[in-house]
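Below is one structure, written out as structure tokens; the observations come after it.
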Amino acid sequence: MSIELIKEKCSAPINMVEIGGGGVGAAVRIGGQSCLPLLFEEGDCPNPPVVALEIADYQPDDWAESVRQAYGEAIKDPVAWAKACVGRFGAKILCVRLQGMHPDYGGRPADEAAEIVKAILAVTKVPLIVLGCGDDEIDNDSMPKVSQALKGHNCLLGTATQSNYKTLTATALADGHSLIAESPIDINIAKQVNILISDMGFDPKRIIMHPTTTSLGYGMEYVYSIMERGRLAAFIGDRMLAMPFVLFVGQEVWKTKEAKESVKTQGINWEIATAVSLVQAGADLLVMRHPDAAKAVERYIGIIMKGAKT
Amino acid sequence: MALSGLDIYKLLPKTNCKDCGFATCLAFAMALAQKKVSLEKCPHVSAQARDALESASQPPIKLVTVGVQGAKFEVGNETVMYRHEQKFHHPCAIGFLIDDTLSKEEISKTLENINELRFERVGQVIRPDLVCVKNTSGYRNKFLAAVSTVEAVSKLAIALYGDDEGTMAEALKLCREKRPLIVCGEKASSTAFINLAKEFGVPMAISCASLEETAEITTTAKAAGVDEIVINLSEKRLSKRIQYFTYIRRSALKKNFRPLGYPVMAFTEESDPVLELAEAVTYVTKYAGIIIVKNTDRDFVYPLLVARQDIYQDPQKPVQVEAKVYEIGKVTRQSPVLVTTNFSITYFTVAAEVEASKVPSYIVCCDSEGMSVLTAWAAEKFTAEKIADTLKKSGIEGKVSHRKVTIPGYVSVLSGKLEEVSGWKVSVGPREASGITNYLRSWKD
């Protein structure tokens with residue numbers, strides 16, 4: 001019996017974004033695909049999803065024990081920690097969260113934070129995602145200094161939101177970095193933030209969207225569906241939704257009871273299952289915390305990419 | 001896929017003979033489209049037209065029922081490609097592969113472990129659905145012994161997987177009352193298995209190398225009177241499997257192509273537990289009706305079941321918790337009182353943080369119709385009046401000696417009004433649940 005295969009073609013691919021490579025080490029590329037995850041008979045997928053390991057600039061005693069144990073002593077010093085991520089666990093890209101700039105976490109001055117990130121870059125030579133501490137006022141004051149110190153290194157800076165995007169956008173523009181545009185599980189706001197940032201003269205092809213991350217069992221399906229909707233809109237030509245997705249999987253998963261109270265592998269598996277679900281929804285960049293979970297997801301990506309047209 | 005009145009009209013004799021009781025064929029077609037009359041009223045309709053109309057009136061993906069009351073699941077009957085378009089209807093069944101090469105003791109022990117795999121989350125009990133016994137040994141007696149053990153010990157539905165129809169017939173005699181699913185092995189004769197499915201009145205899974213072969217076998221089976229079919233593809237590569245599952249679902253939904261209008265089944269290929277989990281979660285997200293895994297470890301099964309619960313959640317109906325007072329830890333009359341909404345994720349996130357803070361507290365959930373804090377506030381389901389009303393009626397006034405309540409940081413604007421209407425002293429808590437620990441540790445009665 002002959003079968004008519006219904007293939008769906010996309011009319012516009014997702015933007016390709018390069019992170020890093022500014023004179024130190026190799027760049028990492030994400031996005032560029034013209035098909036939904038794994039549907040390789042319907043389009044190209046030149047870049048596999050990428051896993052980044054997340055580190056903090058302070059000794060994170062509030063992080064889940066399982067994650068802290070995986071890094072051992074190295075976690076006490078951000079540079080040593082970064083080195084372990086790359087050397088011991090093979091990370092190709094790192095996410096540095098400058099939580100230490102927040103008064104609750106020691107209130108580190110921006111100059112010092114910038115020095116730490118520069119030291120990490122010098123030691124690891126991998127592309128960096130650099131996040132502020134989450135307080136708008138402090139971040140607007142500090143991130144420009146951090147950004148400037150990293151000028152030309154093509155980092156990915158985060159995060160610009162609908163209510164606070166101007167300073168970070170201007171900074172990223174001036175220093176040649178890419179930008180994370182965040183929205184609260186809302187496809188319209190996601191588009192709106194991208195428009196606001198682009199209106200400042202920032203190249204939309206250097207924006208990566210964070211649709212908000214939710215853990216497995218804590219509303220993962222909301223983000224899953226927002227991402228699917230965004231991707232489908234991009235494929236039929238909505239250029240203001242054609243940005244790759246970044247998801248902060250580790251941060252959300254290791255907040256949950258299931259991960260924190262994990263005795264054996266439950267927490268790691270929780271992080272893997274969340275990451276895999278979001279890969280199926282179209283995640284391009286996954287920021288993870290447990291090195292074993294990150295390794296498993298990288299191996300999974302290797303398996304799914306067999307058969308992709310690049 | 002429903003046909004319009006005009007689509008149906010094209011299939012009718014167009015003679016306006018009035019034998020159906022309607023003035024014209026078009027009027028009859030319109031009534032048919034609205035399901036007001038049955039096609040039987042037309043004595044002249046051709047067999048071809050009848051087939052087309054009947055197939056159009058059926059769900060595009062056949063509902064398949066495996067097992068009997070107490071250990072039963074239904075898969076199929078799906079209507080959309082993406083969950084945001086409506087919802088995914090029948091949660092995929094998750095089961096475990098049991099090889100008949102294992103000893104009776106090993107099988108019993110595994111089954112007892114499987115029986116314990118029940119979890120309660122957001123007010124729902126989630127558990128696996130079936131065990132699939134495979135005639136890996138190739139011996140009939142080994143298989144029958146394994147099936148007997150499964151029949152006696154397992155509390156889940158059963159699937160029987162093998163190549164030899166004689167062996168399968170004997171196995172079916174052992175457990176036919178449980179309405180097992182029979183799964184054709186790669187070397188099995190599909191014709192022989194179709195006969196078995198018909199004789200024993202059980203659903204069957206066919207094993208095929210291609211979509212063409214699948215369509216041929218389902219057509220043959222249907223002609224033989226077997227219509228509860230599950231498709232199992234022998235393709236091993238994960239991306240290719242998902243591509244096939246997608247083609248199958250699209251053919252059924254968009255073209256109403258009956259020969260592929262059946263649920264699909266997947267056996268995991270990966271053996272390393274972390275990769276097997278990733279593979280199985282992939283099937284949960286992309287269209288599998290039945291997933292058979294090898295690992296029975298709790299830490300493996302729990303996240304897999306939660307992934308299924310998430311994906312099959314109705315996007316239009318948020319899961320709610322009961323709007324009432326929840327006591328976290330050993331609360332006293334001096335313990336803090338936190339107010340939030342009754343959206344289950346909001347409540348469970350807050351509860352997890354309160355628990356982690358080790359500060360015993362009361363959480364008062366307002367009935368916000370299952371909306372999260374900001375959404376409920378915007379929709380006026382989480383207002384000062386509503387919170388005041390909840391404080392009054394929930395019984396919290398009798399549980400604490402103080403009158404201090406904490407509201408979520410996102411709705412700090414409500415504090416003035418709430419103090420006014422409730423008489424409670426209002427404090428503004430953190431915006432994100434992650435700030436609760438620090439907040440509670442510095443909270444003073």
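FYI, nothing fancy with the structure tokens labels: chains A, B, ... in order, residues from 1 per chain, ligands from 1 as they appear.
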- Counting only C-alpha atoms, chain A residues within 9 Å of chain B, as a PyMOL selection string: chain A and resi 1-7+37-42+216-222+224-226+228-229+255-257+262+264-270+272-277+279-281+293+296-297+299-300+303-308
Export C-alpha atoms of the chosen residues as a PDB file, in the first residue's frame?
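This went into selection04.pdb:
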ATOM      1  CA  MET A   1       0.000   0.000   0.000  1.00  0.00           C
ATOM      2  CA  SER A   2       1.473   3.346  -0.920  1.00  0.00           C
ATOM      3  CA  ILE A   3       1.454   5.993   1.756  1.00  0.00           C
ATOM      4  CA  GLU A   4       1.426   9.707   1.282  1.00  0.00           C
ATOM      5  CA  LEU A   5       3.825  11.091   3.885  1.00  0.00           C
ATOM      6  CA  ILE A   6       2.657  14.432   5.188  1.00  0.00           C
ATOM      7  CA  LYS A   7       5.794  16.510   5.566  1.00  0.00           C
ATOM      8  CA  PRO A  37      13.085  18.479  17.105  1.00  0.00           C
ATOM      9  CA  LEU A  38      13.970  15.101  15.567  1.00  0.00           C
ATOM     10  CA  LEU A  39      11.910  15.656  12.413  1.00  0.00           C
ATOM     11  CA  PHE A  40      15.025  15.614  10.270  1.00  0.00           C
ATOM     12  CA  GLU A  41      13.202  14.552   7.097  1.00  0.00           C
ATOM     13  CA  GLU A  42      11.468  17.926   7.101  1.00  0.00           C
ATOM     14  CA  LEU A 216       9.221  18.620  35.743  1.00  0.00           C
ATOM     15  CA  GLY A 217       6.222  18.275  38.039  1.00  0.00           C
ATOM     16  CA  TYR A 218       6.068  22.023  38.631  1.00  0.00           C
ATOM     17  CA  GLY A 219       4.473  23.262  35.459  1.00  0.00           C
ATOM     18  CA  MET A 220       7.037  22.017  32.936  1.00  0.00           C
ATOM     19  CA  GLU A 221       4.169  21.594  30.471  1.00  0.00           C
ATOM     20  CA  TYR A 222       3.372  25.320  30.477  1.00  0.00           C
ATOM     21  CA  TYR A 224       6.728  23.191  26.874  1.00  0.00           C
ATOM     22  CA  SER A 225       3.624  24.469  25.121  1.00  0.00           C
ATOM     23  CA  ILE A 226       4.755  28.096  25.006  1.00  0.00           C
ATOM     24  CA  GLU A 228       6.016  24.815  20.791  1.00  0.00           C
ATOM     25  CA  ARG A 229       3.749  27.728  19.974  1.00  0.00           C
ATOM     26  CA  LYS A 255      14.740  23.929  43.934  1.00  0.00           C
ATOM     27  CA  THR A 256      12.234  21.101  44.002  1.00  0.00           C
ATOM     28  CA  LYS A 257      11.671  18.782  46.898  1.00  0.00           C
ATOM     29  CA  SER A 262      17.025  12.899  46.558  1.00  0.00           C
ATOM     30  CA  LYS A 264      20.308   8.354  45.152  1.00  0.00           C
ATOM     31  CA  THR A 265      19.611   9.313  41.555  1.00  0.00           C
ATOM     32  CA  GLN A 266      16.136  10.849  41.726  1.00  0.00           C
ATOM     33  CA  GLY A 267      17.395  14.441  41.533  1.00  0.00           C
ATOM     34  CA  ILE A 268      19.719  13.718  38.630  1.00  0.00           C
ATOM     35  CA  ASN A 269      16.938  11.887  36.816  1.00  0.00           C
ATOM     36  CA  TRP A 270      14.579  14.788  37.511  1.00  0.00           C
ATOM     37  CA  ILE A 272      17.493  14.789  32.895  1.00  0.00           C
ATOM     38  CA  ALA A 273      13.740  14.301  32.378  1.00  0.00           C
ATOM     39  CA  THR A 274      13.121  18.068  32.526  1.00  0.00           C
ATOM     40  CA  ALA A 275      15.926  18.799  30.070  1.00  0.00           C
ATOM     41  CA  VAL A 276      14.826  16.084  27.634  1.00  0.00           C
ATOM     42  CA  SER A 277      11.210  17.261  27.657  1.00  0.00           C
ATOM     43  CA  VAL A 279      14.654  19.594  24.123  1.00  0.00           C
ATOM     44  CA  GLN A 280      11.548  18.041  22.596  1.00  0.00           C
ATOM     45  CA  ALA A 281       9.819  21.424  22.841  1.00  0.00           C
ATOM     46  CA  ALA A 293      22.735  14.956  34.465  1.00  0.00           C
ATOM     47  CA  ALA A 296      23.582  12.181  30.283  1.00  0.00           C
ATOM     48  CA  VAL A 297      21.756  14.878  28.332  1.00  0.00           C
ATOM     49  CA  ARG A 299      24.912  11.727  25.348  1.00  0.00           C
ATOM     50  CA  TYR A 300      21.176  11.794  24.626  1.00  0.00           C
ATOM     51  CA  ILE A 303      21.816   9.860  20.006  1.00  0.00           C
ATOM     52  CA  ILE A 304      19.000  12.035  18.711  1.00  0.00           C
ATOM     53  CA  MET A 305      21.233  13.927  16.299  1.00  0.00           C
ATOM     54  CA  LYS A 306      22.085  10.778  14.347  1.00  0.00           C
ATOM     55  CA  GLY A 307      20.327  11.309  11.066  1.00  0.00           C
ATOM     56  CA  ALA A 308      20.194  15.103  11.197  1.00  0.00           C
TER      57      ALA A 308
END
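By chain and then residue number, the residues within 9 Å of Ala169 in chain B are Asp164, Leu174, Leu196 and Phe200 of chain B, counting only C-alpha atoms and disregarding those fewer than 5 positions away in sequence.
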- Within 8 Å of Val426 in chain B, counting only C-alpha atoms, which residues qualify if same-chain residues fewer than 5 places away don't, as a ChimeraX atom specification? /B:404-407,415-416,418-419
Since we have the selection now, will you write its residues out, keeping N, CA and C atoms, as an mmCIF file, in the first residue's frame?
data_model
loop_
_atom_site.group_PDB
_atom_site.id
_atom_site.type_symbol
_atom_site.label_atom_id
_atom_site.label_comp_id
_atom_site.auth_asym_id
_atom_site.auth_seq_id
_atom_site.Cartn_x
_atom_site.Cartn_y
_atom_site.Cartn_z
ATOM 1 N N LYS B 404 -1.458 38.174 62.137
ATOM 2 C CA LYS B 404 -0.483 38.670 61.169
ATOM 3 C C LYS B 404 -0.472 37.729 59.978
ATOM 4 N N VAL B 405 -0.670 38.298 58.820
ATOM 5 C CA VAL B 405 -0.707 37.461 57.629
ATOM 6 C C VAL B 405 0.315 37.959 56.606
ATOM 7 N N THR B 406 0.917 37.016 55.888
ATOM 8 C CA THR B 406 1.886 37.372 54.855
ATOM 9 C C THR B 406 1.283 37.088 53.483
ATOM 10 N N ILE B 407 1.393 38.066 52.597
ATOM 11 C CA ILE B 407 0.882 37.867 51.234
ATOM 12 C C ILE B 407 2.062 37.804 50.257
ATOM 13 N N SER B 415 -1.901 45.087 50.149
ATOM 14 C CA SER B 415 -1.718 45.077 51.600
ATOM 15 C C SER B 415 -2.603 46.084 52.344
ATOM 16 N N GLY B 416 -2.658 47.339 51.849
ATOM 17 C CA GLY B 416 -3.450 48.365 52.530
ATOM 18 C C GLY B 416 -4.916 47.987 52.640
ATOM 19 N N LEU B 418 -6.262 45.091 52.270
ATOM 20 C CA LEU B 418 -6.483 43.858 53.027
ATOM 21 C C LEU B 418 -6.508 44.138 54.528
ATOM 22 N N GLU B 419 -5.605 45.012 54.986
ATOM 23 C CA GLU B 419 -5.596 45.370 56.411
ATOM 24 C C GLU B 419 -6.934 45.973 56.796
#
